[in-house]
Number of protein chains: 4
Amino acid sequence: MTQTVPRGERHEGSDKREAILDAALALFAERGFYGTAVPLVADKAKVGAGTIYRYFPSKEALANALFQRHKRALGETILRDFPFDAPFREQFHHFWTRVCRYAAENPVALQFLELHHHTSYLDETSRAIEVQLLGTAKGVIAQAVSQQILKPVAPELLMAIVWGSFRALVQGGCEGLLRLDDETIAQAEACVWEALRR
Amino acid sequence: MTQTVPRGERHEGSDKREAILDAALALFAERGFYGTAVPLVADKAKVGAGTIYRYFPSKEALANALFQRHKRALGETILRDFPFDAPFREQFHHFWTRVCRYAAENPVALQFLELHHHTSYLDETSRAIEVQLLGTAKGVIAQAVSQQILKPVAPELLMAIVWGSFRALVQGGCEGLLRLDDETIAQAEACVWEALRR
Amino acid sequence: MTQTVPRGERHEGSDKREAILDAALALFAERGFYGTAVPLVADKAKVGAGTIYRYFPSKEALANALFQRHKRALGETILRDFPFDAPFREQFHHFWTRVCRYAAENPVALQFLELHHHTSYLDETSRAIEVQLLGTAKGVIAQAVSQQILKPVAPELLMAIVWGSFRALVQGGCEGLLRLDDETIAQAEACVWEALRR
Amino acid sequence: MTQTVPRGERHEGSDKREAILDAALALFAERGFYGTAVPLVADKAKVGAGTIYRYFPSKEALANALFQRHKRALGETILRDFPFDAPFREQFHHFWTRVCRYAAENPVALQFLELHHHTSYLDETSRAIEVQLLGTAKGVIAQAVSQQILKPVAPELLMAIVWGSFRALVQGGCEGLLRLDDETIAQAEACVWEALRR
DNA sequence: CATGAATGAGTTTTCATTCAT
DNA sequence: GATGAATGAAAACTCATTCAT
């Protein structure tokens, strides 16, 4: 019995914990937070209902752990190797490619992250992560606007177009209307770029 | 007892029914379907909890009535005087202006219509309305694509950009990041049009 | 159907509320707070489990309402017509007679009031009532001590003897070892008085 | 592995068993039987939750072991060297001194023994010990009554005064209102004796 | 018709007990 | 033997729905 688990990891990397997070992700994404009963998560994760409470103090805490995990992963996906010094066109390409590839590989996570009503159960930490990412994005966009690379409109408007298009793409992908293959991603990038650029 | 109600409308136009629908709209939009308790709707509508069940057979039915009412209104807003024979650019202008104005006037309705998890409680009728609107839109777009007015990509992709941008705009408006005034609407139209056009 | 309930009493005097309080009193007295499940109270009160929560926001609140009601009643029993200006012997007689008669008529209430572990769920109001009664008692006793009517020992010691004897009497009554008839009450008074008096 | 355990004691004298009993005593006394979770006992005893079940078949059994241990100890404290042939006054002195000293040294044990709701989980053995002690006491008292040393009232009444006063004293001690020093014990004895004696 | 008190099935959460390690 | 993670039955509490008034 060769144990592949090297460190003294109690909870963080536990099998059950992962199973619970995965089950919760799928169910929350499909049915929403309030529409998902805890025993349903337990069943899907193949653990007892009580077990969930050994890993998370409450249903809310579970949702927050989930949100933070995936929001952080998304943030890292975008920011890893981000070409801060390259021209904005290239920055946008980086962003779009990464974010779409992430969505293609984790469609459910995206679906979950973009749920409404996060507000009612997300804690400070979760909100802080969100705010920070948005702030970074806004900074980059605002700079490009002032450099007359992008259309002379409010950065928030451009961000809405970019992120709204992306979200709709992902949702279309989940509903089977669209496939998020490389070609579609590239086409979408070209379209959205036209919306942004001066 | 002088009845001011002229026609045989028992329920359709009743004050209470309207109050219930309004209250439910606000609450569903804010807290979601599962996050909203029926007695809360009753309180906000200033009727007894039981009264809701005189107008709607169930909470689900209430949500469906709400969905259908506002989806239909949105559809009519778009389709009334729709310039089917005008050039696509003008059609898009018509669509965008109408839909944005509707959103500016009924932000909560839009918020509600775009909730996730409608799927779990919407009935056939509600889904049919949705599908029909989407079908019409897709037809118009596909035609414009084949006329080489729009970029040579899947109509679904273009629709995602249009509707996704619109949704994000509305949400930005609701969150106070953006104001949906005429100038913003016009700017957004110009941006999105660039995304679409060949 | 002659309604004897004249005023617009919603909750305070409601039948169900009374039934719940009575059921809870009996069960808490018999099995303790933590040993009594809410549905058990509901069953005994012949109401649905949910109904309890229409009258009391929580199990704790129910226990507090119960405690305050009976502690107040006990306090009033003692203090009504209390002969503040009479000699202490007469004051003691008043106290002992009243308190024993109250116990004979409400043995379960007494049993409940003297439960351990009230501390963990009683709120400020409940505690305040308790403290006030004890304060009054201590004042009266301390005065009698300083008048050399009672033994020259700490008032707390005398109070412990009085109240401890009384409690044990009541408990003996509940367990069927003792009957709290007038003769027993008088005998006990005589005994305890000897413990107190100089 | 040098075993320091001399006799064949597997369980009886084990360190862990003692730790569990001590932890349970403190927690049961403070929070009651139903208010105390087994894992809490395990934590306080610094053993695994499962370990408790190696020493006691159930939570109830643990409570019974605890009750029997301390009730027996109390009984032995009273009965060791009990002057059965001495005059009753001396017997009472012996009893009162021993019992108060025991309480001063083991306040928590006393607090536990006098908990309500023992009834719901105590077994036959536990009850038998209680009954036997009470029987002995009653015998001694009844004899003194018939010898016209004590007031001509029911022995149960006198016992209630003695034991009730004692309990209240101990409780006052636990709550910090009273200190169970030798002087207080002596004063209390004098007071209670006046209550008893003819 | 309108009501809102009443309900019990369902929700989140706890905990005595078990069992693989 | 000892452990503590795992569990499911049961706890406290909520809420969609009904029904007597």
# chains A, B, ... in the order shown; residues from 1 in each chain; ligands from 1
>>> interface_residues(of="chain A", to="chain B", cutoff="6 Å", atoms="only C-alpha atoms", output="PDB file with C-alpha atoms, in the first residue's frame")
ATOM      1  CA  ARG A  31     -29.582  24.496  -8.733  1.00  0.00           C
ATOM      2  CA  TYR A  34     -30.703  27.902  -1.750  1.00  0.00           C
ATOM      3  CA  GLY A  35     -32.011  25.285  -4.154  1.00  0.00           C
ATOM      4  CA  ALA A 160     -19.246  44.929 -19.232  1.00  0.00           C
ATOM      5  CA  ILE A 161     -18.928  44.092 -22.901  1.00  0.00           C
ATOM      6  CA  GLY A 164     -20.701  39.905 -20.432  1.00  0.00           C
ATOM      7  CA  SER A 165     -19.743  38.432 -23.784  1.00  0.00           C
ATOM      8  CA  ALA A 168     -22.736  34.452 -22.366  1.00  0.00           C
ATOM      9  CA  LEU A 169     -20.253  32.403 -24.339  1.00  0.00           C
ATOM     10  CA  CYS A 191     -15.312  40.276 -32.386  1.00  0.00           C
ATOM     11  CA  VAL A 192     -14.944  41.613 -28.880  1.00  0.00           C
ATOM     12  CA  GLU A 194     -13.533  45.269 -32.463  1.00  0.00           C
ATOM     13  CA  ALA A 195     -15.986  46.363 -29.786  1.00  0.00           C
TER      14      ALA A 195
END
>>> closest_atom_pairs(of="chain F", to="chain D", cutoff="9 Å", atoms="only C-alpha atoms (C1' of nucleotides)", output="Markdown table")
| residue | atom | partner | partner_atom | distance |
| --- | --- | --- | --- | --- |
| F:DG1 | C1' | D:Arg54 | CA | 8.8 |
| F:DA2 | C1' | D:Thr51 | CA | 6.2 |
| F:DT3 | C1' | D:Gly48 | CA | 5.4 |
| F:DG4 | C1' | D:Gly48 | CA | 6.1 |
>>> interface_residues(of="chain E", to="chain C", cutoff="8 Å", atoms="only C-alpha atoms (C1' of nucleotides)", output="list in words")
DA6, DT7 and DG8 of chain E
>>> atom_distance(atom1="atom CA of B:Asp15", atom2="atom CA of B:Glu105")
21.3 Å
>>> residues_around(residues="stretch 10-13 of chain E", least_positions_apart="3", cutoff="8 Å", atoms="only C-alpha atoms (C1' of nucleotides)", output="list of chain:residue names")
A:Ala37, A:Val38, A:Lys59, F:DT14
>>> write_last_selection(atoms="C-alpha atoms (C1' of nucleotides)", output="compact mmCIF listing (two decimals), in the first residue's frame")
# COMPACT_ATOMS: atom_id res chain seq x y z
CA ALA A 37 -30.03 20.78 0.19
CA VAL A 38 -26.99 19.65 2.13
CA LYS A 59 -23.39 25.39 4.22
C1' DT F 14 -38.31 27.04 8.43
>>> residues_around(residues="F:DA20", least_positions_apart="6", cutoff="12 Å", atoms="only C-alpha atoms (C1' of nucleotides)", output="list in words")
DT3, DG4, DA5 and DA6 of chain E
>>> write_last_selection(atoms="N, CA and C atoms (P, O5', C5', C4', C3', O3' and C1' of nucleotides)", output="PDB file, in the first residue's frame")
ATOM      1  P    DT E   3     -56.357  40.102   2.472  1.00  0.00           P
ATOM      2  O5'  DT E   3     -56.303  39.129   3.701  1.00  0.00           O
ATOM      3  C5'  DT E   3     -56.985  39.507   4.895  1.00  0.00           C
ATOM      4  C4'  DT E   3     -56.972  38.362   5.851  1.00  0.00           C
ATOM      5  C3'  DT E   3     -55.572  37.917   6.263  1.00  0.00           C
ATOM      6  O3'  DT E   3     -55.331  38.458   7.537  1.00  0.00           O
ATOM      7  C1'  DT E   3     -57.089  36.094   5.973  1.00  0.00           C
ATOM      8  P    DG E   4     -53.974  39.143   7.897  1.00  0.00           P
ATOM      9  O5'  DG E   4     -53.474  38.108   8.977  1.00  0.00           O
ATOM     10  C5'  DG E   4     -54.379  37.586   9.951  1.00  0.00           C
ATOM     11  C4'  DG E   4     -53.973  36.168  10.320  1.00  0.00           C
ATOM     12  C3'  DG E   4     -52.455  35.954  10.400  1.00  0.00           C
ATOM     13  O3'  DG E   4     -52.203  34.940  11.362  1.00  0.00           O
ATOM     14  C1'  DG E   4     -53.317  34.476   8.875  1.00  0.00           C
ATOM     15  P    DA E   5     -51.720  35.309  12.772  1.00  0.00           P
ATOM     16  O5'  DA E   5     -52.169  34.035  13.605  1.00  0.00           O
ATOM     17  C5'  DA E   5     -53.552  33.809  13.855  1.00  0.00           C
ATOM     18  C4'  DA E   5     -53.849  32.324  13.873  1.00  0.00           C
ATOM     19  C3'  DA E   5     -52.830  31.488  14.638  1.00  0.00           C
ATOM     20  O3'  DA E   5     -53.558  30.439  15.253  1.00  0.00           O
ATOM     21  C1'  DA E   5     -52.863  30.797  12.363  1.00  0.00           C
ATOM     22  P    DA E   6     -52.810  29.346  16.107  1.00  0.00           P
ATOM     23  O5'  DA E   6     -52.588  28.170  15.057  1.00  0.00           O
ATOM     24  C5'  DA E   6     -53.737  27.446  14.611  1.00  0.00           C
ATOM     25  C4'  DA E   6     -53.292  26.343  13.690  1.00  0.00           C
ATOM     26  C3'  DA E   6     -52.170  25.460  14.243  1.00  0.00           C
ATOM     27  O3'  DA E   6     -52.639  24.129  14.309  1.00  0.00           O
ATOM     28  C1'  DA E   6     -51.693  26.174  12.020  1.00  0.00           C
TER      29       DA E   6
END
>>> atom_distance(atom1="atom CA of B:Leu180", atom2="atom CA of B:Arg101")
8.1 Å
>>> atom_distance(atom1="atom CA of A:Ala26", atom2="atom CA of A:Tyr102")
16.2 Å
>>> select_by_dssp(residues="stretch 78-183 of chain D", states="helix (DSSP H, G or I)", output="ChimeraX atom specification")
/D:78-79,88-105,107-113,118-120,124-146,155-174,182-183
>>> residues_around(residues="C:Arg72", least_positions_apart="2", cutoff="12 Å", atoms="only C-alpha atoms (C1' of nucleotides)", output="list in words")
Asn64, Ala65, Leu66, Phe67, Gln68, Arg69, His70, Leu74, Gly75, Glu76, Thr77, Ile78, Leu79, Arg80, Ala109, Leu110, Leu113, Thr125, Ser126, Arg127, Ala128, Ile129, Glu130, Val131, Gln132 and Leu133 of chain C
>>> write_last_selection(atoms="C-alpha atoms", output="short mmCIF file (atom, residue, chain, number, x, y, z; two decimals), in the first residue's frame")
data_model
loop_
_atom_site.label_atom_id
_atom_site.label_comp_id
_atom_site.auth_asym_id
_atom_site.auth_seq_id
_atom_site.Cartn_x
_atom_site.Cartn_y
_atom_site.Cartn_z
CA ASN C 64 -37.33 32.14 29.48
CA ALA C 65 -41.00 32.99 29.09
CA LEU C 66 -41.77 30.10 31.38
CA PHE C 67 -39.19 31.09 33.93
CA GLN C 68 -40.25 34.70 34.03
CA ARG C 69 -43.91 33.87 34.29
CA HIS C 70 -43.51 31.58 37.24
CA LEU C 74 -43.90 33.41 42.94
CA GLY C 75 -42.57 36.88 43.70
CA GLU C 76 -46.04 38.36 43.65
CA THR C 77 -47.33 35.59 45.86
CA ILE C 78 -44.70 36.48 48.41
CA LEU C 79 -44.87 40.25 48.14
CA ARG C 80 -48.62 40.75 47.86
CA ALA C 109 -43.61 25.26 38.54
CA LEU C 110 -41.41 25.13 41.60
CA LEU C 113 -37.80 27.10 38.73
CA THR C 125 -34.56 39.68 32.06
CA SER C 126 -34.91 36.31 33.67
CA ARG C 127 -31.78 36.75 35.69
CA ALA C 128 -32.82 40.24 36.75
CA ILE C 129 -36.08 38.98 38.23
CA GLU C 130 -34.20 36.39 40.23
CA VAL C 131 -31.62 38.84 41.49
CA GLN C 132 -34.25 41.35 42.56
CA LEU C 133 -36.18 38.82 44.62
#
